[in-house]
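Printed here is final_36.pdb (PDB, C-alpha atoms and all ligand atoms):
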```
ATOM      1  CA  MET Y   1       4.118  52.697 -14.914  1.00  0.00           C
ATOM      2  CA  ILE Y   2       5.492  50.718 -11.962  1.00  0.00           C
ATOM      3  CA  GLU Y   3       4.983  46.951 -12.161  1.00  0.00           C
ATOM      4  CA  LEU Y   4       4.070  45.358  -8.828  1.00  0.00           C
ATOM      5  CA  HIS Y   5       4.865  41.642  -8.745  1.00  0.00           C
ATOM      6  CA  THR Y   6       2.960  40.301  -5.802  1.00  0.00           C
ATOM      7  CA  TYR Y   7       0.308  38.055  -4.281  1.00  0.00           C
ATOM      8  CA  ASN Y   8      -2.476  38.399  -1.718  1.00  0.00           C
ATOM      9  CA  THR Y   9      -0.341  38.094   1.416  1.00  0.00           C
ATOM     10  CA  PRO Y  10       0.726  40.429   4.250  1.00  0.00           C
ATOM     11  CA  ASN Y  11       4.037  41.264   2.564  1.00  0.00           C
ATOM     12  CA  GLY Y  12       2.316  41.652  -0.778  1.00  0.00           C
ATOM     13  CA  ARG Y  13      -0.334  44.002   0.609  1.00  0.00           C
ATOM     14  CA  LYS Y  14       2.173  46.386   2.182  1.00  0.00           C
ATOM     15  CA  VAL Y  15       3.224  47.559  -1.241  1.00  0.00           C
ATOM     16  CA  SER Y  16      -0.228  47.833  -2.822  1.00  0.00           C
ATOM     17  CA  VAL Y  17      -1.229  49.956   0.190  1.00  0.00           C
ATOM     18  CA  ALA Y  18       1.858  52.172  -0.166  1.00  0.00           C
ATOM     19  CA  LEU Y  19       1.372  52.631  -3.922  1.00  0.00           C
ATOM     20  CA  GLU Y  20      -2.266  53.607  -3.414  1.00  0.00           C
ATOM     21  CA  GLU Y  21      -1.457  55.985  -0.561  1.00  0.00           C
ATOM     22  CA  MET Y  22       1.280  57.611  -2.638  1.00  0.00           C
ATOM     23  CA  GLY Y  23      -0.997  57.947  -5.651  1.00  0.00           C
ATOM     24  CA  LEU Y  24       1.486  56.219  -7.941  1.00  0.00           C
ATOM     25  CA  PRO Y  25       0.074  54.513 -11.032  1.00  0.00           C
ATOM     26  CA  TYR Y  26       0.991  50.815 -11.233  1.00  0.00           C
ATOM     27  CA  THR Y  27       0.059  47.551 -12.816  1.00  0.00           C
ATOM     28  CA  VAL Y  28      -0.185  44.276 -10.914  1.00  0.00           C
ATOM     29  CA  LYS Y  29       1.602  41.151 -12.084  1.00  0.00           C
ATOM     30  CA  VAL Y  30       0.242  38.316  -9.969  1.00  0.00           C
ATOM     31  CA  VAL Y  31       2.870  35.803  -8.861  1.00  0.00           C
ATOM     32  CA  ASP Y  32       0.848  32.837  -7.624  1.00  0.00           C
ATOM     33  CA  ILE Y  33       3.012  31.421  -4.854  1.00  0.00           C
ATOM     34  CA  THR Y  34       0.611  28.486  -4.448  1.00  0.00           C
ATOM     35  CA  LYS Y  35       1.653  27.427  -7.960  1.00  0.00           C
ATOM     36  CA  ASP Y  36       5.402  28.016  -7.465  1.00  0.00           C
ATOM     37  CA  GLN Y  37       5.406  30.974  -9.855  1.00  0.00           C
ATOM     38  CA  GLN Y  38       7.936  32.646  -7.521  1.00  0.00           C
ATOM     39  CA  PHE Y  39      10.528  30.211  -8.902  1.00  0.00           C
ATOM     40  CA  ALA Y  40      10.022  31.244 -12.547  1.00  0.00           C
ATOM     41  CA  PRO Y  41      13.358  32.399 -14.042  1.00  0.00           C
ATOM     42  CA  ALA Y  42      11.884  35.750 -15.126  1.00  0.00           C
ATOM     43  CA  PHE Y  43      10.745  36.485 -11.564  1.00  0.00           C
ATOM     44  CA  LEU Y  44      14.054  35.343 -10.047  1.00  0.00           C
ATOM     45  CA  LYS Y  45      15.778  38.002 -12.148  1.00  0.00           C
ATOM     46  CA  ILE Y  46      14.034  40.700 -10.119  1.00  0.00           C
ATOM     47  CA  SER Y  47      13.609  38.769  -6.859  1.00  0.00           C
ATOM     48  CA  PRO Y  48      16.519  36.348  -6.407  1.00  0.00           C
ATOM     49  CA  ASN Y  49      15.169  35.144  -3.028  1.00  0.00           C
ATOM     50  CA  ASN Y  50      12.041  33.778  -4.786  1.00  0.00           C
ATOM     51  CA  ARG Y  51       9.694  35.761  -2.568  1.00  0.00           C
ATOM     52  CA  ILE Y  52       7.052  38.336  -3.339  1.00  0.00           C
ATOM     53  CA  PRO Y  53       6.772  41.318  -3.466  1.00  0.00           C
ATOM     54  CA  ALA Y  54       9.064  43.021  -5.966  1.00  0.00           C
ATOM     55  CA  ILE Y  55       8.641  46.003  -8.237  1.00  0.00           C
ATOM     56  CA  ILE Y  56      10.015  47.230 -11.534  1.00  0.00           C
ATOM     57  CA  ASP Y  57      10.100  50.984 -11.920  1.00  0.00           C
ATOM     58  CA  PRO Y  58      10.724  51.913 -15.567  1.00  0.00           C
ATOM     59  CA  ASP Y  59      11.453  55.460 -14.435  1.00  0.00           C
ATOM     60  CA  GLY Y  60      14.123  54.722 -11.850  1.00  0.00           C
ATOM     61  CA  PRO Y  61      16.980  56.939 -10.679  1.00  0.00           C
ATOM     62  CA  GLY Y  62      18.555  58.727 -13.626  1.00  0.00           C
ATOM     63  CA  GLY Y  63      15.545  57.862 -15.753  1.00  0.00           C
ATOM     64  CA  SER Y  64      16.494  54.229 -16.349  1.00  0.00           C
ATOM     65  CA  PRO Y  65      14.585  51.165 -15.086  1.00  0.00           C
ATOM     66  CA  ILE Y  66      15.263  49.605 -11.722  1.00  0.00           C
ATOM     67  CA  SER Y  67      13.877  46.572  -9.914  1.00  0.00           C
ATOM     68  CA  VAL Y  68      13.593  46.286  -6.135  1.00  0.00           C
ATOM     69  CA  PHE Y  69      12.895  43.187  -4.018  1.00  0.00           C
ATOM     70  CA  GLU Y  70      12.280  42.820  -0.237  1.00  0.00           C
ATOM     71  CA  SER Y  71       9.182  44.688   0.864  1.00  0.00           C
ATOM     72  CA  GLY Y  72      11.091  46.919   3.303  1.00  0.00           C
ATOM     73  CA  ALA Y  73      13.469  48.015   0.551  1.00  0.00           C
ATOM     74  CA  VAL Y  74      10.516  48.586  -1.778  1.00  0.00           C
ATOM     75  CA  LEU Y  75       8.772  50.799   0.796  1.00  0.00           C
ATOM     76  CA  LEU Y  76      11.922  52.838   1.397  1.00  0.00           C
ATOM     77  CA  TYR Y  77      12.504  53.163  -2.344  1.00  0.00           C
ATOM     78  CA  LEU Y  78       8.964  54.403  -2.950  1.00  0.00           C
ATOM     79  CA  GLY Y  79       9.144  56.787   0.004  1.00  0.00           C
ATOM     80  CA  GLU Y  80      12.436  58.178  -1.261  1.00  0.00           C
ATOM     81  CA  LYS Y  81      11.169  58.417  -4.838  1.00  0.00           C
ATOM     82  CA  THR Y  82       8.013  60.290  -3.959  1.00  0.00           C
ATOM     83  CA  GLY Y  83       9.121  62.157  -0.841  1.00  0.00           C
ATOM     84  CA  GLN Y  84       5.988  60.788   0.851  1.00  0.00           C
ATOM     85  CA  PHE Y  85       5.587  58.800   4.071  1.00  0.00           C
ATOM     86  CA  LEU Y  86       9.356  58.983   4.716  1.00  0.00           C
ATOM     87  CA  PRO Y  87      10.795  62.036   6.460  1.00  0.00           C
ATOM     88  CA  SER Y  88      13.954  63.568   5.023  1.00  0.00           C
ATOM     89  CA  GLY Y  89      15.451  64.642   8.364  1.00  0.00           C
ATOM     90  CA  LEU Y  90      17.652  61.988   9.959  1.00  0.00           C
ATOM     91  CA  ARG Y  91      16.174  62.435  13.445  1.00  0.00           C
ATOM     92  CA  GLU Y  92      12.632  61.936  12.124  1.00  0.00           C
ATOM     93  CA  ARG Y  93      13.740  59.093   9.862  1.00  0.00           C
ATOM     94  CA  VAL Y  94      15.364  57.000  12.608  1.00  0.00           C
ATOM     95  CA  PRO Y  95      12.081  55.806  14.204  1.00  0.00           C
ATOM     96  CA  VAL Y  96      10.744  54.911  10.755  1.00  0.00           C
ATOM     97  CA  LEU Y  97      13.806  52.758  10.147  1.00  0.00           C
ATOM     98  CA  GLU Y  98      13.591  51.257  13.639  1.00  0.00           C
ATOM     99  CA  TRP Y  99       9.967  50.185  13.319  1.00  0.00           C
ATOM    100  CA  LEU Y 100      10.367  49.067   9.727  1.00  0.00           C
ATOM    101  CA  MET Y 101      13.311  46.856  10.704  1.00  0.00           C
ATOM    102  CA  TRP Y 102      11.362  45.650  13.751  1.00  0.00           C
ATOM    103  CA  GLN Y 103       8.604  44.523  11.452  1.00  0.00           C
ATOM    104  CA  MET Y 104      10.890  42.953   8.853  1.00  0.00           C
ATOM    105  CA  GLY Y 105      12.968  41.087  11.433  1.00  0.00           C
ATOM    106  CA  GLY Y 106      10.223  39.864  13.757  1.00  0.00           C
ATOM    107  CA  PHE Y 107       6.664  41.051  13.258  1.00  0.00           C
ATOM    108  CA  GLY Y 108       6.243  39.087  10.064  1.00  0.00           C
ATOM    109  CA  PRO Y 109       8.558  36.111  10.402  1.00  0.00           C
ATOM    110  CA  MET Y 110       6.980  35.192  13.799  1.00  0.00           C
ATOM    111  CA  PRO Y 111       3.264  35.403  12.872  1.00  0.00           C
ATOM    112  CA  GLY Y 112       4.266  33.774   9.576  1.00  0.00           C
ATOM    113  CA  GLN Y 113       5.463  30.764  11.592  1.00  0.00           C
ATOM    114  CA  VAL Y 114       2.111  30.708  13.414  1.00  0.00           C
ATOM    115  CA  HIS Y 115       0.370  30.541  10.029  1.00  0.00           C
ATOM    116  CA  HIS Y 116       2.617  27.635   9.109  1.00  0.00           C
ATOM    117  CA  PHE Y 117       2.240  25.634  12.327  1.00  0.00           C
ATOM    118  CA  LEU Y 118      -1.533  25.996  12.189  1.00  0.00           C
ATOM    119  CA  THR Y 119      -1.375  23.826   9.065  1.00  0.00           C
ATOM    120  CA  VAL Y 120       0.678  21.101  10.787  1.00  0.00           C
ATOM    121  CA  ASN Y 121      -0.967  18.238  12.686  1.00  0.00           C
ATOM    122  CA  GLY Y 122      -0.438  16.531  16.009  1.00  0.00           C
ATOM    123  CA  GLU Y 123       2.812  16.386  17.911  1.00  0.00           C
ATOM    124  CA  ASP Y 124       4.707  18.267  15.169  1.00  0.00           C
ATOM    125  CA  GLN Y 125       2.410  21.240  15.753  1.00  0.00           C
ATOM    126  CA  ARG Y 126       2.498  21.540  19.526  1.00  0.00           C
ATOM    127  CA  TYR Y 127       5.961  22.955  20.257  1.00  0.00           C
ATOM    128  CA  GLY Y 128       6.185  25.175  17.178  1.00  0.00           C
ATOM    129  CA  LEU Y 129       2.730  26.666  17.580  1.00  0.00           C
ATOM    130  CA  ALA Y 130       3.213  27.393  21.289  1.00  0.00           C
ATOM    131  CA  ARG Y 131       6.625  28.983  20.674  1.00  0.00           C
ATOM    132  CA  TYR Y 132       5.592  31.223  17.792  1.00  0.00           C
ATOM    133  CA  MET Y 133       2.234  32.227  19.261  1.00  0.00           C
ATOM    134  CA  LYS Y 134       4.018  33.309  22.437  1.00  0.00           C
ATOM    135  CA  GLU Y 135       6.561  35.320  20.478  1.00  0.00           C
ATOM    136  CA  THR Y 136       3.843  36.848  18.280  1.00  0.00           C
ATOM    137  CA  ARG Y 137       1.912  37.962  21.358  1.00  0.00           C
ATOM    138  CA  ARG Y 138       5.086  39.411  22.838  1.00  0.00           C
ATOM    139  CA  LEU Y 139       5.548  41.471  19.666  1.00  0.00           C
ATOM    140  CA  TYR Y 140       1.933  42.679  19.791  1.00  0.00           C
ATOM    141  CA  GLY Y 141       2.667  43.775  23.360  1.00  0.00           C
ATOM    142  CA  VAL Y 142       5.719  45.751  22.200  1.00  0.00           C
ATOM    143  CA  LEU Y 143       3.619  47.423  19.516  1.00  0.00           C
ATOM    144  CA  ASP Y 144       0.789  48.126  21.951  1.00  0.00           C
ATOM    145  CA  ARG Y 145       3.136  49.845  24.400  1.00  0.00           C
ATOM    146  CA  ARG Y 146       4.585  51.959  21.607  1.00  0.00           C
ATOM    147  CA  LEU Y 147       1.146  52.958  20.374  1.00  0.00           C
ATOM    148  CA  ALA Y 148       0.132  53.909  23.912  1.00  0.00           C
ATOM    149  CA  GLN Y 149       2.710  56.713  23.609  1.00  0.00           C
ATOM    150  CA  VAL Y 150       2.400  57.833  19.980  1.00  0.00           C
ATOM    151  CA  GLU Y 151      -0.431  57.983  17.476  1.00  0.00           C
ATOM    152  CA  HIS Y 152       1.469  56.066  14.795  1.00  0.00           C
ATOM    153  CA  VAL Y 153       4.635  54.022  15.244  1.00  0.00           C
ATOM    154  CA  ALA Y 154       6.970  56.803  14.110  1.00  0.00           C
ATOM    155  CA  GLY Y 155       4.711  59.773  14.840  1.00  0.00           C
ATOM    156  CA  GLN Y 156       2.621  60.463  11.761  1.00  0.00           C
ATOM    157  CA  VAL Y 157       1.537  57.861   9.160  1.00  0.00           C
ATOM    158  CA  LEU Y 158       4.734  56.622   7.486  1.00  0.00           C
ATOM    159  CA  VAL Y 159       6.006  53.617   5.528  1.00  0.00           C
ATOM    160  CA  ALA Y 160       6.664  51.692   8.763  1.00  0.00           C
ATOM    161  CA  ASP Y 161       2.914  51.766   9.463  1.00  0.00           C
ATOM    162  CA  PHE Y 162       2.166  50.230   6.063  1.00  0.00           C
ATOM    163  CA  ALA Y 163       4.689  47.449   6.753  1.00  0.00           C
ATOM    164  CA  ILE Y 164       3.189  46.602  10.153  1.00  0.00           C
ATOM    165  CA  LEU Y 165      -0.373  46.979   8.913  1.00  0.00           C
ATOM    166  CA  GLY Y 166       0.121  44.186   6.370  1.00  0.00           C
ATOM    167  CA  TRP Y 167       0.599  41.771   9.262  1.00  0.00           C
ATOM    168  CA  VAL Y 168      -1.958  43.144  11.719  1.00  0.00           C
ATOM    169  CA  TRP Y 169      -4.436  42.788   8.839  1.00  0.00           C
ATOM    170  CA  ARG Y 170      -3.986  39.023   9.367  1.00  0.00           C
ATOM    171  CA  HIS Y 171      -4.375  39.071  13.188  1.00  0.00           C
ATOM    172  CA  GLU Y 172      -7.325  36.681  13.098  1.00  0.00           C
ATOM    173  CA  ARG Y 173      -5.326  34.174  11.102  1.00  0.00           C
ATOM    174  CA  HIS Y 174      -2.543  34.118  13.702  1.00  0.00           C
ATOM    175  CA  LYS Y 175      -5.159  33.944  16.466  1.00  0.00           C
ATOM    176  CA  VAL Y 176      -4.593  37.332  18.079  1.00  0.00           C
ATOM    177  CA  ASP Y 177      -7.598  39.112  19.547  1.00  0.00           C
ATOM    178  CA  LEU Y 178      -7.067  42.855  19.233  1.00  0.00           C
ATOM    179  CA  THR Y 179      -9.224  43.524  22.281  1.00  0.00           C
ATOM    180  CA  ASP Y 180      -6.143  42.353  24.227  1.00  0.00           C
ATOM    181  CA  PHE Y 181      -4.122  45.140  22.565  1.00  0.00           C
ATOM    182  CA  PRO Y 182      -6.351  48.244  22.659  1.00  0.00           C
ATOM    183  CA  HIS Y 183      -3.763  50.681  21.302  1.00  0.00           C
ATOM    184  CA  VAL Y 184      -3.063  48.414  18.340  1.00  0.00           C
ATOM    185  CA  ARG Y 185      -6.818  48.173  17.813  1.00  0.00           C
ATOM    186  CA  ARG Y 186      -7.167  51.989  17.751  1.00  0.00           C
ATOM    187  CA  TRP Y 187      -4.222  52.353  15.325  1.00  0.00           C
ATOM    188  CA  PHE Y 188      -5.484  49.508  13.099  1.00  0.00           C
ATOM    189  CA  ASP Y 189      -9.028  50.918  12.878  1.00  0.00           C
ATOM    190  CA  THR Y 190      -7.686  54.409  12.079  1.00  0.00           C
ATOM    191  CA  LEU Y 191      -5.452  53.156   9.275  1.00  0.00           C
ATOM    192  CA  MET Y 192      -8.049  50.807   7.822  1.00  0.00           C
ATOM    193  CA  ALA Y 193     -10.464  53.735   7.524  1.00  0.00           C
ATOM    194  CA  ARG Y 194      -8.116  55.585   5.151  1.00  0.00           C
ATOM    195  CA  PRO Y 195      -9.328  55.530   1.532  1.00  0.00           C
ATOM    196  CA  GLY Y 196      -5.827  54.778   0.186  1.00  0.00           C
ATOM    197  CA  VAL Y 197      -5.406  51.845   2.559  1.00  0.00           C
ATOM    198  CA  GLN Y 198      -8.825  50.521   1.589  1.00  0.00           C
ATOM    199  CA  ARG Y 199      -7.890  50.696  -2.097  1.00  0.00           C
ATOM    200  CA  GLY Y 200      -4.615  48.942  -1.337  1.00  0.00           C
ATOM    201  CA  PHE Y 201      -6.441  46.040   0.297  1.00  0.00           C
ATOM    202  CA  ALA Y 202      -9.156  45.936  -2.362  1.00  0.00           C
ATOM    203  CA  VAL Y 203      -6.915  45.627  -5.410  1.00  0.00           C
ATOM    204  CA  VAL Y 204      -7.087  42.084  -6.794  1.00  0.00           C
ATOM    205  CA  LEU Y 205      -3.777  40.310  -6.145  1.00  0.00           C
ATOM    206  CA  ALA Y 206      -4.715  36.692  -6.751  1.00  0.00           C
TER     207      ALA Y 206
HETATM  208  N1  LIG I   1      11.404  39.515   3.765  1.00  0.00           N
HETATM  209  C1  LIG I   1      10.598  39.318   2.593  1.00  0.00           C
HETATM  210  C2  LIG I   1       9.620  38.200   2.852  1.00  0.00           C
HETATM  211  C3  LIG I   1       8.744  37.953   1.659  1.00  0.00           C
HETATM  212  C4  LIG I   1       7.934  36.688   1.823  1.00  0.00           C
HETATM  213  O1  LIG I   1       8.121  35.887   2.749  1.00  0.00           O
HETATM  214  N2  LIG I   1       6.986  36.511   0.892  1.00  0.00           N
HETATM  215  C5  LIG I   1       6.194  35.299   0.908  1.00  0.00           C
HETATM  216  C6  LIG I   1       4.717  35.648   0.824  1.00  0.00           C
HETATM  217  S1  LIG I   1       4.231  36.684   2.203  1.00  0.00           S
HETATM  218  C7  LIG I   1       6.566  34.468  -0.314  1.00  0.00           C
HETATM  219  O2  LIG I   1       6.823  34.996  -1.375  1.00  0.00           O
HETATM  220  N3  LIG I   1       6.628  33.140  -0.164  1.00  0.00           N
HETATM  221  C8  LIG I   1       6.961  32.279  -1.239  1.00  0.00           C
HETATM  222  C9  LIG I   1       7.826  31.123  -0.822  1.00  0.00           C
HETATM  223  O3  LIG I   1       7.973  30.923   0.391  1.00  0.00           O
HETATM  224  O4  LIG I   1       8.355  30.424  -1.688  1.00  0.00           O
HETATM  225  C10 LIG I   1       9.849  40.614   2.255  1.00  0.00           C
HETATM  226  O5  LIG I   1       9.412  41.269   3.187  1.00  0.00           O
HETATM  227  O6  LIG I   1       9.725  40.948   1.066  1.00  0.00           O
END
```

Kindly present the structure from the file in structure tokens form.
Ligand SMILES: N[C@@H](CCC(=O)N[C@@H](CS)C(=O)NCC(=O)O)C(=O)O
Amino acid sequence: MIELHTYNTPNGRKVSVALEEMGLPYTVKVVDITKDQQFAPAFLKISPNNRIPAIIDPDGPGGSPISVFESGAVLLYLGEKTGQFLPSGLRERVPVLEWLMWQMGGFGPMPGQVHHFLTVNGEDQRYGLARYMKETRRLYGVLDRRLAQVEHVAGQVLVADFAILGWVWRHERHKVDLTDFPHVRRWFDTLMARPGVQRGFAVVLA
């Protein structure tokens, strides 16, 4: 059974959602990042960047175990392994890769900075919070315009949606009102109504 090493965060939830949607059996190994468990030598062996999530698949390629870190790599690995939520044709795969990389490079790091600066006080907070809230809203605008044209970011529901969903799930925490982004709201409500997504958010990760 796949071991999911994770915690109750946007990046951590992407993978529990994907595993549930794919119907893959897995066990959860909680890595409590509030207690610095991400620095434990055993975890660093599978996730050298000391960040969750990571997985160990005992039944990896060729039948031998493999570990994967970085949530985007984990999602692509699981999509490739199962043939689900990741198209095989290159033309269909390109938008999945585009929107997955868009999430990994921006729509995660930027709202993550908002979460951080909300915990900072006074003058130290002002510039950082204004900068990252502005950039986060810009990214929501990009996503909203995309979702005005297509039902899901790459057409049908695919791993890129799970990656982005992990962060939109936290929109209240980074102070974004989805009524300002109606297409994101429609997409978010549709995905959150899926039984697999609901299981992925319900599994205890802390
Ligand atoms: N690019 C990484 C980012 C992972 C990441 O930032 N994880 C956070 C929780 S959401 C973490 O483990 N933080 C622990 C730390 O900062 O030491 C991924 O997508 O897997």

At most 6 Å from ligand LIG 1 (chain I) (all atoms listed in the file): residue list as an MDAnalysis selection string:
chainID Y and resid 9:11 33 50:53 70:72

Expected file: the selected residues, C-alpha atoms, as a JSON list (two decimals), in the coordinates of the input:
```json
[["chain", "number", "residue", "atom", "x", "y", "z"],
["Y", 9, "THR", "CA", -0.34, 38.09, 1.42],
["Y", 10, "PRO", "CA", 0.73, 40.43, 4.25],
["Y", 11, "ASN", "CA", 4.04, 41.26, 2.56],
["Y", 33, "ILE", "CA", 3.01, 31.42, -4.85],
["Y", 50, "ASN", "CA", 12.04, 33.78, -4.79],
["Y", 51, "ARG", "CA", 9.69, 35.76, -2.57],
["Y", 52, "ILE", "CA", 7.05, 38.34, -3.34],
["Y", 53, "PRO", "CA", 6.77, 41.32, -3.47],
["Y", 70, "GLU", "CA", 12.28, 42.82, -0.24],
["Y", 71, "SER", "CA", 9.18, 44.69, 0.86],
["Y", 72, "GLY", "CA", 11.09, 46.92, 3.30]]
```

Apply the PyMOL selection byres (((chain Y and resi 20) around 9) and not hetatm) to the displayed file and report the matching residues as a list in words.
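Given this file, the PyMOL selection byres (((chain Y and resi 20) around 9) and not hetatm) evaluates to Val15, Ser16, Val17, Ala18, Leu19, Glu21, Met22, Gly23, Leu24, Pro25, Tyr26, Pro195, Gly196, Val197, Gln198, Arg199 and Gly200 of chain Y.
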
Carefully work through the PyMOL selection byres (((chain Y and resi 55) around 6) and not hetatm) for this structure and note down the residues it includes, as a list in words.
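Selected by the PyMOL selection byres (((chain Y and resi 55) around 6) and not hetatm) here: Glu3, Leu4, His5, Ala54, Ile56, Ser67 and Val68 of chain Y.
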
Expansion of the PyMOL selection byres (((chain Y and resi 134) around 12) and not hetatm) into residues, as a PyMOL selection string
chain Y and resi 110-111+113-114+127-133+135-141+174-176

Minimum-distance residue to Phe107 of chain Y, chosen among Y:Leu76, Y:Val159, Y:Val168, Y:Val31 (using all atoms listed in the file):
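The answer is Y:Val168, which sits nearest to Phe107 of chain Y.
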